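Everything below belongs to my_file_34.cif, which stores mmCIF, C-alpha atoms.
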```cif
data_protein
#
loop_
_atom_site.label_atom_id
_atom_site.label_comp_id
_atom_site.auth_asym_id
_atom_site.auth_seq_id
_atom_site.Cartn_x
_atom_site.Cartn_y
_atom_site.Cartn_z
CA MET A 28 149.80 97.28 101.25
CA GLN A 29 151.33 93.87 101.96
CA ILE A 30 153.44 93.98 105.11
CA ALA A 31 156.10 91.54 106.35
CA ILE A 32 156.53 91.36 110.13
CA LEU A 33 159.94 89.69 110.41
CA THR A 34 159.71 87.25 113.29
CA PHE A 35 162.58 85.00 114.31
CA ASP A 36 163.11 82.25 116.87
CA GLY A 37 163.25 83.79 120.32
CA PHE A 38 160.99 86.64 119.21
CA ASN A 39 159.35 89.09 121.60
CA GLU A 40 155.58 88.56 121.31
CA LEU A 41 154.67 92.17 122.00
CA ASP A 42 156.92 93.53 119.28
CA SER A 43 155.58 91.32 116.48
CA PHE A 44 151.93 91.18 117.52
CA ILE A 45 151.19 94.76 118.56
CA ALA A 46 152.45 96.02 115.19
CA SER A 47 150.74 93.29 113.14
CA GLY A 48 147.46 93.59 115.07
CA ILE A 49 147.27 97.36 114.57
CA LEU A 50 148.28 97.16 110.88
CA ASN A 51 145.66 94.49 110.27
CA ARG A 52 142.99 97.01 111.31
CA MET A 53 143.56 98.18 107.71
CA ARG A 54 142.41 94.86 106.20
CA PRO A 55 139.10 96.37 104.99
CA LYS A 56 141.26 98.68 102.85
CA GLY A 57 143.21 95.76 101.38
CA TRP A 58 146.20 95.84 103.72
CA LYS A 59 147.52 92.67 105.37
CA ALA A 60 150.42 92.14 107.76
CA PHE A 61 151.99 88.66 107.77
CA ILE A 62 154.19 86.92 110.33
CA THR A 63 157.25 86.34 108.15
CA SER A 64 159.89 83.89 109.33
CA PRO A 65 162.97 81.93 108.23
CA SER A 66 161.33 78.57 109.08
CA GLU A 67 157.83 77.08 109.00
CA SER A 68 157.35 77.88 112.65
CA VAL A 69 159.14 80.00 115.21
CA THR A 70 159.12 79.86 119.00
CA SER A 71 159.01 83.02 121.07
CA MET A 72 161.29 84.05 123.95
CA ASN A 73 158.59 82.73 126.29
CA GLY A 74 158.04 79.41 124.50
CA VAL A 75 155.03 80.16 122.28
CA THR A 76 155.23 78.45 118.87
CA VAL A 77 153.70 80.32 115.94
CA GLN A 78 153.25 79.18 112.32
CA ALA A 79 154.89 81.49 109.82
CA GLU A 80 152.43 83.01 107.36
CA ARG A 81 155.11 83.90 104.84
CA PRO A 82 158.75 82.80 104.26
CA LEU A 83 161.57 85.27 104.81
CA GLU A 84 161.89 85.86 101.06
CA PHE A 85 158.45 87.52 101.12
CA ALA A 86 160.14 90.57 102.65
CA SER A 87 161.63 91.56 99.29
CA ARG A 88 158.16 91.65 97.70
CA ALA A 89 156.33 93.39 100.54
CA ASP A 90 155.34 97.06 100.42
CA ALA A 91 156.45 97.48 104.03
CA VAL A 92 158.75 95.44 106.27
CA LEU A 93 158.96 95.64 110.06
CA ILE A 94 161.89 93.85 111.67
CA GLY A 95 160.79 92.42 115.00
CA SER A 96 162.85 91.91 118.10
CA GLY A 97 163.88 88.94 120.20
CA MET A 98 166.36 87.15 122.40
CA LYS A 99 168.48 85.78 119.54
CA THR A 100 169.17 88.89 117.50
CA ARG A 101 172.88 88.84 118.25
CA GLU A 102 173.07 85.31 116.80
CA ILE A 103 170.98 86.31 113.80
CA VAL A 104 173.29 89.16 112.83
CA GLN A 105 176.18 86.65 112.80
CA ASN A 106 174.26 84.32 110.45
CA ARG A 107 175.24 85.38 106.93
CA ASP A 108 173.00 82.81 105.22
CA LEU A 109 169.96 84.06 107.07
CA LEU A 110 170.76 87.75 106.58
CA GLY A 111 171.38 87.04 102.88
CA ARG A 112 167.75 85.96 102.54
CA ILE A 113 166.55 89.44 103.58
CA ARG A 114 166.73 91.77 100.57
CA LEU A 115 165.18 95.15 101.17
CA ASP A 116 164.97 98.30 99.07
CA PRO A 117 164.59 101.55 101.02
CA GLU A 118 163.73 103.38 97.80
CA SER A 119 160.54 101.42 97.19
CA GLN A 120 159.72 99.89 100.58
CA ILE A 121 158.70 101.35 103.94
CA ILE A 122 161.11 99.72 106.41
CA GLY A 123 160.90 99.75 110.19
CA ALA A 124 162.73 98.05 113.03
CA GLN A 125 161.60 97.43 116.58
CA CYS A 126 164.00 97.21 119.56
CA SER A 127 166.75 94.69 118.73
CA GLY A 128 165.46 94.61 115.14
CA THR A 129 167.45 97.84 114.80
CA LEU A 130 170.63 95.78 115.07
CA ILE A 131 169.52 93.72 112.04
CA LEU A 132 168.60 96.92 110.17
CA SER A 133 172.09 98.23 110.87
CA LYS A 134 173.74 94.96 109.78
CA LEU A 135 171.76 95.08 106.52
CA GLY A 136 173.45 98.42 105.83
CA LEU A 137 170.21 100.40 105.99
CA VAL A 138 171.05 102.79 108.81
CA ASP A 139 174.01 104.69 107.31
CA ASP A 140 174.68 107.63 109.58
CA LEU A 141 171.09 108.03 110.76
CA PRO A 142 170.39 107.99 114.49
CA VAL A 143 168.08 105.19 115.64
CA CYS A 144 165.76 104.05 118.41
CA THR A 145 166.12 100.72 120.18
CA ASP A 146 165.47 99.20 123.60
CA LEU A 147 167.75 99.74 126.60
CA THR A 148 169.10 96.15 126.48
CA THR A 149 170.08 96.35 122.82
CA LYS A 150 171.43 99.89 123.06
CA PRO A 151 175.05 99.00 123.96
CA TRP A 152 175.33 96.62 120.98
CA VAL A 153 173.94 99.20 118.57
CA VAL A 154 176.30 101.83 119.99
CA GLU A 155 179.15 99.31 119.60
CA ALA A 156 178.17 99.03 115.91
CA GLY A 157 178.89 102.76 115.65
CA VAL A 158 175.29 103.95 115.51
CA ARG A 159 173.90 106.87 117.56
CA VAL A 160 170.94 105.80 119.73
CA LEU A 161 168.26 108.37 120.64
CA ASP A 162 166.49 108.58 124.01
CA GLN A 163 163.04 108.62 122.40
CA PRO A 164 160.45 106.03 121.37
CA PHE A 165 160.44 106.64 117.62
CA TYR A 166 162.52 108.17 114.85
CA ALA A 167 162.28 108.00 111.10
CA ASN A 168 163.96 109.53 108.10
CA GLY A 169 162.30 108.97 104.74
CA ASN A 170 161.35 105.31 104.42
CA ILE A 171 163.37 104.05 107.41
CA GLY A 172 161.87 104.12 110.92
CA THR A 173 162.94 102.67 114.26
CA ALA A 174 161.20 102.25 117.62
CA GLY A 175 162.42 101.45 121.12
CA GLY A 176 160.49 99.73 123.93
CA CYS A 177 157.91 97.00 123.22
CA LEU A 178 154.86 99.25 123.49
CA ALA A 179 156.47 101.71 121.04
CA SER A 180 155.50 99.17 118.36
CA GLN A 181 152.15 101.01 118.30
CA TYR A 182 154.09 104.05 116.99
CA LEU A 183 155.88 102.02 114.33
CA ALA A 184 152.50 100.71 113.13
CA ALA A 185 150.96 104.21 113.24
CA TRP A 186 153.86 105.58 111.19
CA VAL A 187 153.44 102.87 108.53
CA ILE A 188 149.70 103.59 108.31
CA MET A 189 150.23 107.38 108.05
CA HIS A 190 153.03 106.82 105.53
CA GLY A 191 151.16 104.38 103.28
CA GLY A 192 147.59 105.45 104.15
CA SER A 193 146.39 108.56 105.93
CA ARG A 194 146.32 110.28 109.30
CA GLU A 195 142.63 109.39 109.61
CA ASP A 196 143.40 105.71 108.99
CA ALA A 197 146.02 105.81 111.75
CA ARG A 198 143.64 107.57 114.14
CA ALA A 199 140.96 104.92 113.53
CA ALA A 200 143.33 101.97 114.04
CA LEU A 201 144.82 103.48 117.21
CA HIS A 202 141.38 104.41 118.57
CA TYR A 203 140.26 100.80 118.29
CA VAL A 204 143.21 99.38 120.25
CA ALA A 205 143.52 102.13 122.88
CA PRO A 206 142.21 101.60 126.42
CA VAL A 207 138.57 102.59 126.99
CA GLY A 208 138.37 105.99 128.69
CA GLN A 209 141.92 106.88 127.55
CA LYS A 210 141.42 106.66 123.78
CA ASP A 211 141.87 110.35 122.96
CA GLU A 212 145.03 110.51 125.09
CA TYR A 213 146.53 107.44 123.38
CA VAL A 214 145.61 108.48 119.85
CA THR A 215 146.89 112.03 120.30
CA ARG A 216 150.20 110.91 121.81
CA ALA A 217 150.83 108.33 119.10
CA ILE A 218 150.05 110.74 116.26
CA GLU A 219 152.24 113.42 117.87
CA THR A 220 155.07 110.92 118.38
CA VAL A 221 155.28 109.99 114.70
CA SER A 222 153.81 112.83 112.64
CA SER A 223 156.95 114.96 112.47
CA PHE A 224 158.78 112.02 110.87
CA LEU A 225 156.58 111.68 107.80
CA PRO A 226 157.80 112.74 104.37
CA LYS A 227 156.59 116.30 103.62
CA MET B 22 152.35 81.85 139.99
CA GLN B 23 151.14 79.73 137.07
CA ILE B 24 148.90 81.78 134.79
CA ALA B 25 146.46 80.62 132.11
CA ILE B 26 145.89 83.05 129.24
CA LEU B 27 142.66 81.70 127.74
CA THR B 28 143.02 81.95 123.98
CA PHE B 29 140.35 80.75 121.56
CA ASP B 30 140.01 80.51 117.80
CA GLY B 31 139.56 83.99 116.36
CA PHE B 32 141.58 85.50 119.22
CA ASN B 33 142.86 89.05 119.26
CA GLU B 34 146.66 88.87 119.26
CA LEU B 35 147.18 92.03 121.31
CA ASP B 36 144.90 90.88 124.10
CA SER B 37 146.59 87.50 124.64
CA PHE B 38 150.19 88.50 123.96
CA ILE B 39 150.52 91.86 125.70
CA ALA B 40 149.28 90.29 128.95
CA SER B 41 151.34 87.11 128.61
CA GLY B 42 154.47 88.99 127.56
CA ILE B 43 154.32 91.35 130.55
CA LEU B 44 153.48 88.57 133.02
CA ASN B 45 156.38 86.49 131.73
CA ARG B 46 158.74 89.27 132.82
CA MET B 47 158.19 87.58 136.21
CA ARG B 48 159.74 84.28 135.07
CA PRO B 49 162.92 84.85 137.11
CA LYS B 50 160.63 84.82 140.16
CA GLY B 51 159.04 81.52 139.13
CA TRP B 52 155.97 82.89 137.36
CA LYS B 53 154.91 81.61 133.93
CA ALA B 54 151.99 82.59 131.71
CA PHE B 55 150.78 79.95 129.25
CA ILE B 56 148.66 80.25 126.11
CA THR B 57 145.78 78.01 127.16
CA SER B 58 143.34 76.81 124.51
CA PRO B 59 140.52 74.32 123.84
CA SER B 60 142.45 72.66 120.97
CA GLU B 61 146.08 71.90 120.12
CA SER B 62 146.35 75.06 118.07
CA VAL B 63 144.22 78.15 117.60
CA THR B 64 144.12 80.67 114.77
CA SER B 65 143.82 84.39 115.47
CA MET B 66 141.34 86.87 114.00
CA ASN B 67 144.05 87.82 111.52
CA GLY B 68 145.01 84.27 110.53
CA VAL B 69 148.02 83.57 112.78
CA THR B 70 148.13 79.97 114.06
CA VAL B 71 149.59 79.44 117.52
CA GLN B 72 150.28 76.17 119.36
CA ALA B 73 148.53 75.95 122.69
CA GLU B 74 150.93 75.57 125.62
CA ARG B 75 148.27 74.20 127.94
CA PRO B 76 144.80 72.65 127.46
CA LEU B 77 141.71 74.51 128.66
CA GLU B 78 141.49 72.31 131.76
CA PHE B 79 144.74 73.88 133.01
CA ALA B 80 142.69 76.95 133.94
CA SER B 81 141.24 75.19 136.97
CA ARG B 82 144.74 74.49 138.32
CA ALA B 83 146.27 77.91 137.54
CA ASP B 84 146.90 80.54 140.21
CA ALA B 85 145.61 83.23 137.86
CA VAL B 86 143.44 83.08 134.74
CA LEU B 87 143.05 85.83 132.12
CA ILE B 88 140.25 85.35 129.61
CA GLY B 89 141.36 86.77 126.26
CA SER B 90 139.24 88.31 123.59
CA GLY B 91 138.42 87.54 119.98
CA MET B 92 136.03 87.53 117.06
CA LYS B 93 134.18 84.36 118.08
CA THR B 94 133.28 85.10 121.69
CA ARG B 95 129.55 85.22 120.96
CA GLU B 96 129.77 81.66 119.56
CA ILE B 97 131.89 80.51 122.51
CA VAL B 98 129.35 81.66 125.09
CA GLN B 99 126.71 79.55 123.27
CA ASN B 100 128.96 76.45 123.44
CA ARG B 101 128.03 74.69 126.67
CA ASP B 102 130.57 71.88 126.21
CA LEU B 103 133.40 74.36 125.86
CA LEU B 104 132.24 76.59 128.74
CA GLY B 105 131.86 73.45 130.88
CA ARG B 106 135.59 72.82 130.53
CA ILE B 107 136.40 76.15 132.22
CA ARG B 108 136.11 75.71 135.98
CA LEU B 109 137.29 78.71 137.96
CA ASP B 110 137.26 79.52 141.65
CA PRO B 111 137.23 83.24 142.50
CA GLU B 112 138.02 82.41 146.14
CA SER B 113 141.40 80.90 145.35
CA GLN B 114 142.27 82.22 141.88
CA ILE B 115 142.98 85.70 140.50
CA ILE B 116 140.63 85.99 137.50
CA GLY B 117 140.70 88.66 134.80
CA ALA B 118 138.93 89.22 131.51
CA GLN B 119 139.97 91.34 128.55
CA CYS B 120 137.48 93.00 126.15
CA SER B 121 135.04 90.34 124.88
CA GLY B 122 136.48 87.93 127.48
CA THR B 123 134.21 89.82 129.88
CA LEU B 124 131.23 88.20 128.12
CA ILE B 125 132.66 84.76 128.95
CA LEU B 126 133.33 85.85 132.54
CA SER B 127 129.70 86.91 132.81
CA LYS B 128 128.43 83.66 131.25
CA LEU B 129 130.53 81.69 133.77
CA GLY B 130 128.54 83.43 136.51
CA LEU B 131 131.57 85.27 137.90
CA VAL B 132 130.37 88.85 137.48
CA ASP B 133 127.29 88.85 139.76
CA ASP B 134 126.22 92.46 140.14
CA LEU B 135 129.72 93.93 139.70
CA PRO B 136 130.25 96.55 137.00
CA VAL B 137 132.79 95.58 134.33
CA CYS B 138 135.09 96.92 131.63
CA THR B 139 134.99 95.71 128.04
CA ASP B 140 135.66 97.06 124.55
CA LEU B 141 133.21 99.29 122.67
CA THR B 142 132.23 96.50 120.23
CA THR B 143 131.38 94.01 122.96
CA LYS B 144 129.68 96.58 125.20
CA PRO B 145 126.13 96.19 123.77
CA TRP B 146 126.24 92.40 124.28
CA VAL B 147 127.44 92.73 127.85
CA VAL B 148 124.76 95.35 128.55
CA GLU B 149 122.19 93.00 126.98
CA ALA B 150 123.34 90.34 129.48
CA GLY B 151 122.26 92.76 132.23
CA VAL B 152 125.75 93.87 133.30
CA ARG B 153 126.76 97.51 133.86
CA VAL B 154 129.72 98.55 131.69
CA LEU B 155 132.08 101.28 132.90
CA ASP B 156 133.67 103.95 130.68
CA GLN B 157 137.15 103.22 132.02
CA PRO B 158 140.04 100.92 131.07
CA PHE B 159 140.14 98.75 134.20
CA TYR B 160 138.04 97.73 137.16
CA ALA B 161 138.45 95.04 139.77
CA ASN B 162 136.75 93.90 142.92
CA GLY B 163 138.58 91.35 145.04
CA ASN B 164 139.92 88.60 142.79
CA ILE B 165 137.92 89.56 139.67
CA GLY B 166 139.26 92.20 137.26
CA THR B 167 138.21 93.34 133.78
CA ALA B 168 139.84 95.56 131.15
CA GLY B 169 138.58 97.26 128.00
CA GLY B 170 140.55 98.18 124.86
CA CYS B 171 143.41 95.99 123.61
CA LEU B 172 146.21 98.10 125.10
CA ALA B 173 144.47 98.00 128.49
CA SER B 174 145.78 94.43 128.71
CA GLN B 175 148.93 96.05 130.17
CA TYR B 176 146.75 97.13 133.12
CA LEU B 177 145.29 93.66 133.57
CA ALA B 178 148.83 92.23 133.68
CA ALA B 179 150.00 94.97 136.08
CA TRP B 180 147.06 94.23 138.40
CA VAL B 181 147.88 90.50 138.46
CA ILE B 182 151.52 91.25 139.26
CA MET B 183 150.62 93.71 142.05
CA HIS B 184 147.99 91.30 143.37
CA GLY B 185 150.20 88.19 143.38
CA GLY B 186 153.60 89.91 143.63
CA SER B 187 154.42 93.49 144.56
CA ARG B 188 154.17 97.05 143.30
CA GLU B 189 157.92 97.00 142.62
CA ASP B 190 157.54 93.86 140.49
CA ALA B 191 154.82 95.58 138.46
CA ARG B 192 156.91 98.72 138.05
CA ALA B 193 159.86 96.70 136.76
CA ALA B 194 157.78 94.68 134.26
CA LEU B 195 156.01 97.81 132.96
CA HIS B 196 159.27 99.76 132.75
CA TYR B 197 160.77 97.09 130.51
CA VAL B 198 157.91 97.13 127.99
CA ALA B 199 157.20 100.89 127.98
CA PRO B 200 158.43 103.08 125.12
CA VAL B 201 161.91 104.56 125.55
CA GLY B 202 161.70 108.20 126.65
CA GLN B 203 158.12 107.69 127.96
CA LYS B 204 158.80 104.99 130.54
CA ASP B 205 157.99 107.01 133.66
CA GLU B 206 154.76 108.26 132.10
CA TYR B 207 153.65 104.73 131.16
CA VAL B 208 154.60 103.13 134.46
CA THR B 209 152.95 105.86 136.53
CA ARG B 210 149.72 105.77 134.54
CA ALA B 211 149.47 101.97 134.68
CA ILE B 212 150.11 101.82 138.43
CA GLU B 213 147.59 104.63 139.03
CA THR B 214 145.01 102.90 136.83
CA VAL B 215 145.05 99.67 138.83
CA SER B 216 146.30 100.44 142.35
CA SER B 217 142.98 101.53 143.82
CA PHE B 218 141.53 98.12 142.87
CA LEU B 219 143.87 95.98 144.95
CA PRO B 220 142.73 94.25 148.14
CA LYS B 221 143.56 96.40 151.17
#
```
Would you mind giving the structure from this file in structure tokens?
Amino acid sequence: MQIAILTFDGFNELDSFIASGILNRMRPKGWKAFITSPSESVTSMNGVTVQAERPLEFASRADAVLIGSGMKTREIVQNRDLLGRIRLDPESQIIGAQCSGTLILSKLGLVDDLPVCTDLTTKPWVVEAGVRVLDQPFYANGNIGTAGGCLASQYLAAWVIMHGGSREDARAALHYVAPVGQKDEYVTRAIETVSSFLPK
Amino acid sequence: MQIAILTFDGFNELDSFIASGILNRMRPKGWKAFITSPSESVTSMNGVTVQAERPLEFASRADAVLIGSGMKTREIVQNRDLLGRIRLDPESQIIGAQCSGTLILSKLGLVDDLPVCTDLTTKPWVVEAGVRVLDQPFYANGNIGTAGGCLASQYLAAWVIMHGGSREDARAALHYVAPVGQKDEYVTRAIETVSSFLPK
């Protein structure tokens, strides 16, 4: 599994790096998550500059795509050139969006009449776009999943691993990142949060 | 509060960015966390290259210092030149270490006979250094705190905010990053995990 973590200028560090860090626990099984950006480098909402590992066009070739969140999402969804570079196929790709990434997902026409998750700041804009927002950390239908709240990115990553790998893979990745002394609690909650949203 | 997030080559993205992201929620109150590194850029354990915001020497001037974790910590603690550039004062600075960062903290002579937290991989090396490792996500005594397990970096950040700010500040920062629909659960657990370790 090759995974694109879409990361734009103004990005939220937690949203891109929690998901990519957990997904990269699967590297021994040939998976790799890449910071995927519209320019050679991007600068986070707090001023941290990161080199892109893949250009935006990589998203169309990836097996899974997670759309990260940030401070400039409302500008991004107005930028037709930039949006035009993101070509996704929900039939063949696992696609997720984190917090304000849900707004991009919606603008790409991938939400249809599904309900979604997003963060509390983005919620009014997603509602304005005519989409129903759920008061829960994660929701998915088929190959499209959304998460709300930075730390819910662990659920988005767990869902991708369970979807493209196995429940045991997800348990192992979550166990590694969970706090010492609270690992069972974290793993169980994450698996419970996402497992009802996997294809039967 | 100016905060140095010590970030070395081979760093674990979750450990540096969860802490810095949560601490930077305090920017409206004049706080700022900086990725602080021994070279102009550092590359993570998964290949992501990040520009340092501050040089390693900034740590001695910061109000708080969090030592991040990574794949190369055992090499770092053998590098006297590099360790010599890190000058910390536990009397005047709040000092925390995350996962394998605890090994650096110990090598800097800042652990004394305190017990510590670290991740399960680093644990044998810390034990070998003669330090008692606790089976819990967070522990602090005075100005020195340690956390184990990547996602426990939220506790390290919460402790710094409660230590240098207030409980309400910590609640607000944690509430923002917590998953939607689970915010009270996350905030309560984090506050409970760290509050008994604050100076009376």
Distance limit 8 Å, atoms considered: all atoms listed in the file. Which chain B residues sit that close to chain A? Return them as a PDB file with C-alpha atoms, in the coordinates of the input.
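Output file out-v7.pdb follows:
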```pdb
ATOM      1  CA  ASN B  33     142.860  89.050 119.260  1.00  0.00           C
ATOM      2  CA  GLU B  34     146.660  88.870 119.260  1.00  0.00           C
ATOM      3  CA  LEU B  35     147.180  92.030 121.310  1.00  0.00           C
ATOM      4  CA  PHE B  38     150.190  88.500 123.960  1.00  0.00           C
ATOM      5  CA  ILE B  39     150.520  91.860 125.700  1.00  0.00           C
ATOM      6  CA  GLY B  42     154.470  88.990 127.560  1.00  0.00           C
ATOM      7  CA  ASN B  45     156.380  86.490 131.730  1.00  0.00           C
ATOM      8  CA  ILE B  56     148.660  80.250 126.110  1.00  0.00           C
ATOM      9  CA  ASN B  67     144.050  87.820 111.520  1.00  0.00           C
ATOM     10  CA  VAL B  69     148.020  83.570 112.780  1.00  0.00           C
ATOM     11  CA  THR B  70     148.130  79.970 114.060  1.00  0.00           C
ATOM     12  CA  VAL B  71     149.590  79.440 117.520  1.00  0.00           C
ATOM     13  CA  GLN B  72     150.280  76.170 119.360  1.00  0.00           C
ATOM     14  CA  ALA B  73     148.530  75.950 122.690  1.00  0.00           C
ATOM     15  CA  GLU B  74     150.930  75.570 125.620  1.00  0.00           C
ATOM     16  CA  THR B 139     134.990  95.710 128.040  1.00  0.00           C
ATOM     17  CA  ASP B 140     135.660  97.060 124.550  1.00  0.00           C
ATOM     18  CA  LEU B 141     133.210  99.290 122.670  1.00  0.00           C
ATOM     19  CA  ASP B 156     133.670 103.950 130.680  1.00  0.00           C
ATOM     20  CA  GLN B 157     137.150 103.220 132.020  1.00  0.00           C
ATOM     21  CA  PRO B 158     140.040 100.920 131.070  1.00  0.00           C
ATOM     22  CA  GLY B 169     138.580  97.260 128.000  1.00  0.00           C
ATOM     23  CA  GLY B 170     140.550  98.180 124.860  1.00  0.00           C
ATOM     24  CA  CYS B 171     143.410  95.990 123.610  1.00  0.00           C
ATOM     25  CA  LEU B 172     146.210  98.100 125.100  1.00  0.00           C
ATOM     26  CA  ALA B 173     144.470  98.000 128.490  1.00  0.00           C
ATOM     27  CA  TYR B 197     160.770  97.090 130.510  1.00  0.00           C
ATOM     28  CA  VAL B 198     157.910  97.130 127.990  1.00  0.00           C
ATOM     29  CA  ALA B 199     157.200 100.890 127.980  1.00  0.00           C
ATOM     30  CA  PRO B 200     158.430 103.080 125.120  1.00  0.00           C
ATOM     31  CA  VAL B 201     161.910 104.560 125.550  1.00  0.00           C
ATOM     32  CA  GLY B 202     161.700 108.200 126.650  1.00  0.00           C
ATOM     33  CA  GLN B 203     158.120 107.690 127.960  1.00  0.00           C
TER      34      GLN B 203
END
```
Checklist entry - Do you have the atom CA of Ala200 of chain A-atom CA of Ala31 of chain A distance handy? => result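 Calculated distance between atom CA of Ala200 of chain A and atom CA of Ala31 of chain A is 18.2 Å.
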Checklist entry - Between A:Gly169, A:Pro65, A:Pro55, A:Gly95, which one has atoms that come closest to Ala124 of chain A, using all atoms listed in the file? => result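 So, comparing all the options, the nearest one is A:Gly95.
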Taking the point (174.2, 90.4, 116.1) as given in the file, collect each protein or nucleic acid residue that comes within 10 Å of it, counting all atoms listed in the file, and present the set as a short mmCIF file (atom, residue, chain, number, x, y, z; two decimals) with C-alpha atoms, in the frame of the given file.
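Dumped to result_16.cif:
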```
data_model
loop_
_atom_site.label_atom_id
_atom_site.label_comp_id
_atom_site.auth_asym_id
_atom_site.auth_seq_id
_atom_site.Cartn_x
_atom_site.Cartn_y
_atom_site.Cartn_z
CA LYS A 99 168.48 85.78 119.54
CA THR A 100 169.17 88.89 117.50
CA ARG A 101 172.88 88.84 118.25
CA GLU A 102 173.07 85.31 116.80
CA ILE A 103 170.98 86.31 113.80
CA VAL A 104 173.29 89.16 112.83
CA GLN A 105 176.18 86.65 112.80
CA ASN A 106 174.26 84.32 110.45
CA SER A 127 166.75 94.69 118.73
CA GLY A 128 165.46 94.61 115.14
CA LEU A 130 170.63 95.78 115.07
CA ILE A 131 169.52 93.72 112.04
CA SER A 133 172.09 98.23 110.87
CA LYS A 134 173.74 94.96 109.78
CA THR A 149 170.08 96.35 122.82
CA TRP A 152 175.33 96.62 120.98
CA VAL A 153 173.94 99.20 118.57
CA ALA A 156 178.17 99.03 115.91
#
```
Next on the checklist: Here is a test: counting only C-alpha atoms, which residue of B:Ile24, B:Val148, B:Ala191, B:Leu77 is nearest to Gly117 of chain B?
Outcome noted: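 Among the listed residues, B:Ile24 lies closest to Gly117 of chain B.
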Next on the checklist: Could you tell me how far atom CA of Ala83 of chain B sits from atom CA of Ile116 of chain B, in Å to one decimal place?
Outcome noted: 9.9 Å
Checklist entry - For the point (159.3, 109.1, 109.7) in file coordinates, what residues are within 8 Å, counting all atoms listed in the file? Give the answer as JSON, numbers by chain? => result {"A": [166, 167, 168, 169, 170, 171, 172, 186, 190, 221, 222, 223, 224, 225, 226]}
